[in-house]
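Worksheet for the structure shown next.
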Amino acid sequence: MMDWLLHQLPSWLAFSAKQPIIFTEVAFWVFFAMVLVGYQLVHRKMALRNSYLFLISLYFYYKTSGSFFLLLLFSTTVDFYVGAWLAQTHTEWKRKAWVAVSVITNLSVLFYFKYPYFFAEFLADGFGVFWEPVPHYALWSNTYLGTDFVEDRILLPVGISFYTFQCLSYTIDIYRRQIEPVRRWADFGFYVSFFPQLVAGPIVRASEFIPQLYKEYKVTRAVFGMALFWILNGLLKKLILADYIASNFADRVFAQPTLYSGLECLLALFAYSLQVYADFSGYTDVAIGVAMLMGFTLTTNFNSPYKALSVSDFWRRWHISLSTWLRDYLYIPLGGNRQGSFASYTIVFLALFVISMLAESFWVPVSFAGAILLVFVLTRVWGPFRRWLNTNINVMLTMLLGGFWHGSSWNFVTWGGLNGLGLVGYKLWSKVRPWSPRNSWLGRAFGLVTTLTFITLTRAWFRAPGWDEALSILHRTWSAMDWGLADDIFLGFWRPLAVMALGYGIHWIPSRIKTRYRQAFAQAPIALQGLWALLTMWVIYQSLSADSQPFIYFQF
């Protein structure tokens, strides 16, 4: 037996693309249990504790992404030293130069791994320039580290968008003199790579997390109960709501929308809205619970987004760590709602130029040129229009770039742009609407339904692999709508639709009631909590899908 274990141990410890350590696998919980055992030996000495968790987090990332952990170490090292040099530099132009080093380095790495094929396609379609991205990292890793990365394509490292933004926030906040740099490289490495939130967020600000590195470890009885609640809650969201709905309904319709009726396509869109929320917020819940057991608090990332009464309200509730990051590091520096900066108008011009170059019709660039001329004249002669443009241009740019952060395709840019138009449209509507949505249940219902419907329809571009597929499923929702098939549809898909109704129903439970039952669980006797945990595991086991669904935000 011992010989067999020793023989298998190297394969268990080594990276395997087929066996990553993720929250939905038993291997993660075995790994976490072992981490907690070691943690009890080091948690009293902060420097040793932080170094221990840094090494554990690196190993976790290695098990998830192989030799890409070297890339994480590279970003960590660059920003640690840039932060230290920033704090020691008082000449303004030198401080700007140092922060520029951080921004250029981080964004260059992100663009190399995430966007090369997007720009290769742009150069080919727009200028007839054919450039083939070369996977230099894969070639180097295979040669010197003995890895087996594919050599004909640049692979996207898991979580690179998340830890890149964390590194950027650190150096920018030091530049703004909002925080002091950490003294130890291992402390900063731990902040960047903390394994519960490393691969899919939430994006943790240095100003929120770094002070926790120097606090004593303390997990009270109530904190333990709440941590267990969040872990169980996240697993239920992911494995029952998200995966079951995806495998048994949403994925089938999105795979071949032309085979389904308009009602089925519409229901699939609402199913995907629930799936992506349950999937992403489920991961976040588990991450928050795991971090709490080690004495750390992560950023709240969701606040019942489908209770939103407007698009603006939705983006205050959805992926909060990203939306606030974009607000503080992009929207406000561009000018916020005060004015459009030079950078704002430059980006708009470049975006319109790109679209013009890609367009097959001569009338597209002509139309854009005419629109630019008209806008210029209106800003010169009509003050209200100039103020409106300055107020809203940065909203649109922020949402477009937020969409681009999610993925290197026009689908994500379109999704971001549509949400930007939704924000601008809501601001106009809020000035002329004859009622306030919060003054009556009818107004609240109208705001909730219209917001959820708008967000759901834009998700066609988020989910579909291309523009044609997104338009196809939207086209089916109105061209092939046949309410006479409703009975057959509900009978044929009653199980996933029932789970879907249950998910939305739980989501719409008033927040005060949710707070009460969370606290009741956290304060319940250990035996009762253990019984509930066993029941949860049994329910999950009974409903497990044969097709394991990866976390959606791993691809970002």
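Chain labels A, B, ... are given in the sequence in which chains occur in the structure tokens; within each chain residues are numbered consecutively from 1, and ligands are likewise numbered from 1 in the order shown.
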
Could you give me, as a tab-separated table, every stretch 301-329 of chain A residue with an atom at most 10 Å from stretch 455-478 of chain A, plus its closest atom pair and distance in Å to one decimal, counting only C-alpha atoms, rows ordered by chain then number?
residue	atom	partner	partner_atom	distance
A:Tyr306	CA	A:Ile455	CA	9.2
A:Ser310	CA	A:Ile455	CA	9.9
A:Val311	CA	A:Ile455	CA	7.8
A:Phe314	CA	A:Ile455	CA	8.7

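Taking atom CA of A:Leu309 as the reference point, atom CA of A:Gly447 is found at 4.3 Å.
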
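In terms of minimum interatomic distance to A:Gly234, A:Asp279 ranks closest within A:Asp152, A:Glu208, A:Asp279, A:Glu216, counting only C-alpha atoms.
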
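Closest to A:Leu241 among A:Gln178, A:Ser281, A:Asn303, A:Gln256 is A:Ser281, based on only C-alpha atoms.
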
task: as a VMD selection string, please: all residues of stretch 5-236 of chain A that backbone DSSP puts in helix (DSSP H, G or I).
output: chain A and resid 5 to 13 26 to 42 46 to 88 92 to 114 116 to 127 136 to 144 160 to 175 185 to 193 206 to 214 221 to 236

field: Within 10 Å of A:Ala501 using only C-alpha atoms, minus same-chain residues under 5 positions, as a ChimeraX atom specification
entry: /A:271,274,495-496,506-507

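Closest approach to A:Phe446 among A:Thr297, A:Lys431, A:Ala308, A:Trp382: A:Ala308, based on only C-alpha atoms.
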
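Between A:Ser323 and the residues A:Asn301, A:Gln542, A:Thr414, A:Thr77, the shortest atom-to-atom distance, using only C-alpha atoms, involves A:Asn301.
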
message: Using only C-alpha atoms, which protein or nucleic acid residues come within 8 Å of A:Tyr272? Drop anything in the same chain fewer than 3 positions from it, and give the result as a ChimeraX atom specification.
response: /A:245-246,250,268-269,275-276,456,459,463

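By only C-alpha atoms, and with residues fewer than 5 positions from A:Leu36 along its chain excluded, the set lying at most 9 Å from it is Phe31, Leu41, Leu293 and Met294 of chain A.
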
Just the selected residues (all heavy atoms), exported as a PDB file, in the first residue's frame, please.
ATOM      1  N   PHE A  31      -6.993  19.133  -0.289  1.00  0.00           N
ATOM      2  CA  PHE A  31      -5.910  20.113  -0.312  1.00  0.00           C
ATOM      3  C   PHE A  31      -6.122  21.172   0.767  1.00  0.00           C
ATOM      4  O   PHE A  31      -5.196  21.509   1.532  1.00  0.00           O
ATOM      5  CB  PHE A  31      -5.844  20.745  -1.705  1.00  0.00           C
ATOM      6  CG  PHE A  31      -5.079  22.034  -1.781  1.00  0.00           C
ATOM      7  CD1 PHE A  31      -3.693  22.028  -1.833  1.00  0.00           C
ATOM      8  CD2 PHE A  31      -5.743  23.248  -1.820  1.00  0.00           C
ATOM      9  CE1 PHE A  31      -2.984  23.222  -1.909  1.00  0.00           C
ATOM     10  CE2 PHE A  31      -5.043  24.448  -1.893  1.00  0.00           C
ATOM     11  CZ  PHE A  31      -3.660  24.428  -1.942  1.00  0.00           C
ATOM     12  N   LEU A  41       0.054  25.590  12.512  1.00  0.00           N
ATOM     13  CA  LEU A  41       1.423  25.586  13.022  1.00  0.00           C
ATOM     14  C   LEU A  41       2.133  26.919  12.830  1.00  0.00           C
ATOM     15  O   LEU A  41       3.130  27.192  13.501  1.00  0.00           O
ATOM     16  CB  LEU A  41       2.234  24.479  12.334  1.00  0.00           C
ATOM     17  CG  LEU A  41       1.698  23.051  12.469  1.00  0.00           C
ATOM     18  CD1 LEU A  41       2.550  22.097  11.646  1.00  0.00           C
ATOM     19  CD2 LEU A  41       1.644  22.619  13.929  1.00  0.00           C
ATOM     20  N   LEU A 293     -12.309  31.265   6.888  1.00  0.00           N
ATOM     21  CA  LEU A 293     -11.770  30.224   7.756  1.00  0.00           C
ATOM     22  C   LEU A 293     -10.293  30.440   8.055  1.00  0.00           C
ATOM     23  O   LEU A 293      -9.768  29.907   9.037  1.00  0.00           O
ATOM     24  CB  LEU A 293     -11.972  28.849   7.116  1.00  0.00           C
ATOM     25  CG  LEU A 293     -13.417  28.352   7.048  1.00  0.00           C
ATOM     26  CD1 LEU A 293     -13.484  27.012   6.331  1.00  0.00           C
ATOM     27  CD2 LEU A 293     -14.032  28.234   8.440  1.00  0.00           C
ATOM     28  N   MET A 294      -9.616  31.229   7.202  1.00  0.00           N
ATOM     29  CA  MET A 294      -8.211  31.538   7.447  1.00  0.00           C
ATOM     30  C   MET A 294      -8.025  32.932   8.041  1.00  0.00           C
ATOM     31  O   MET A 294      -6.902  33.410   8.180  1.00  0.00           O
ATOM     32  CB  MET A 294      -7.421  31.404   6.136  1.00  0.00           C
ATOM     33  CG  MET A 294      -7.287  29.963   5.680  1.00  0.00           C
ATOM     34  SD  MET A 294      -6.290  29.761   4.182  1.00  0.00           S
ATOM     35  CE  MET A 294      -7.460  30.357   2.958  1.00  0.00           C
TER      36      MET A 294
END

Any idea what's packed within 8 Å of stretch 210-212 of chain A, counting only C-alpha atoms, ignoring anything in its chain fewer than 6 positions away? Could you give it as a JSON list (two decimals) with all heavy atoms, in the first residue's frame?
[["chain", "number", "residue", "atom", "x", "y", "z"],
["A", 182, "VAL", "N", 4.24, 47.50, 0.77],
["A", 182, "VAL", "CA", 4.61, 46.46, 1.73],
["A", 182, "VAL", "C", 6.13, 46.32, 1.75],
["A", 182, "VAL", "O", 6.81, 46.66, 0.77],
["A", 182, "VAL", "CB", 3.95, 45.11, 1.38],
["A", 182, "VAL", "CG1", 2.44, 45.20, 1.46],
["A", 182, "VAL", "CG2", 4.38, 44.64, -0.01],
["A", 188, "PHE", "N", 3.61, 40.84, -0.46],
["A", 188, "PHE", "CA", 2.93, 41.31, -1.67],
["A", 188, "PHE", "C", 2.51, 40.14, -2.55],
["A", 188, "PHE", "O", 1.42, 40.13, -3.12],
["A", 188, "PHE", "CB", 3.85, 42.25, -2.46],
["A", 188, "PHE", "CG", 3.23, 42.76, -3.74],
["A", 188, "PHE", "CD1", 2.10, 43.57, -3.71],
["A", 188, "PHE", "CD2", 3.75, 42.40, -4.97],
["A", 188, "PHE", "CE1", 1.52, 44.03, -4.88],
["A", 188, "PHE", "CE2", 3.18, 42.85, -6.14],
["A", 188, "PHE", "CZ", 2.06, 43.67, -6.09],
["A", 191, "TYR", "N", -0.68, 38.75, -1.27],
["A", 191, "TYR", "CA", -1.82, 39.58, -1.66],
["A", 191, "TYR", "C", -2.25, 39.29, -3.11],
["A", 191, "TYR", "O", -3.44, 39.13, -3.39],
["A", 191, "TYR", "CB", -1.47, 41.06, -1.49],
["A", 191, "TYR", "CG", -2.23, 41.97, -2.41],
["A", 191, "TYR", "CD1", -3.61, 42.16, -2.25],
["A", 191, "TYR", "CD2", -1.60, 42.64, -3.45],
["A", 191, "TYR", "CE1", -4.32, 42.99, -3.12],
["A", 191, "TYR", "CE2", -2.29, 43.47, -4.31],
["A", 191, "TYR", "CZ", -3.65, 43.64, -4.14],
["A", 191, "TYR", "OH", -4.36, 44.45, -5.00],
["A", 296, "PHE", "N", -9.41, 35.95, 6.86],
["A", 296, "PHE", "CA", -9.35, 37.07, 5.91],
["A", 296, "PHE", "C", -10.73, 37.38, 5.34],
["A", 296, "PHE", "O", -11.56, 36.48, 5.17],
["A", 296, "PHE", "CB", -8.38, 36.75, 4.76],
["A", 296, "PHE", "CG", -6.96, 36.54, 5.22],
["A", 296, "PHE", "CD1", -6.48, 35.26, 5.45],
["A", 296, "PHE", "CD2", -6.12, 37.61, 5.43],
["A", 296, "PHE", "CE1", -5.18, 35.05, 5.88],
["A", 296, "PHE", "CE2", -4.81, 37.42, 5.87],
["A", 296, "PHE", "CZ", -4.35, 36.13, 6.09]]

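Taking atom CA of A:Pro133 and atom CA of A:Tyr112 as the two end points, the separation is 8.8 Å.
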
query: Hey, what's within 12 Å of A:Leu378 if we count only C-alpha atoms and toss same-chain stuff fewer than 6 positions away? As a VMD selection string, please?
result: chain A and resid 371 to 372 384 to 389
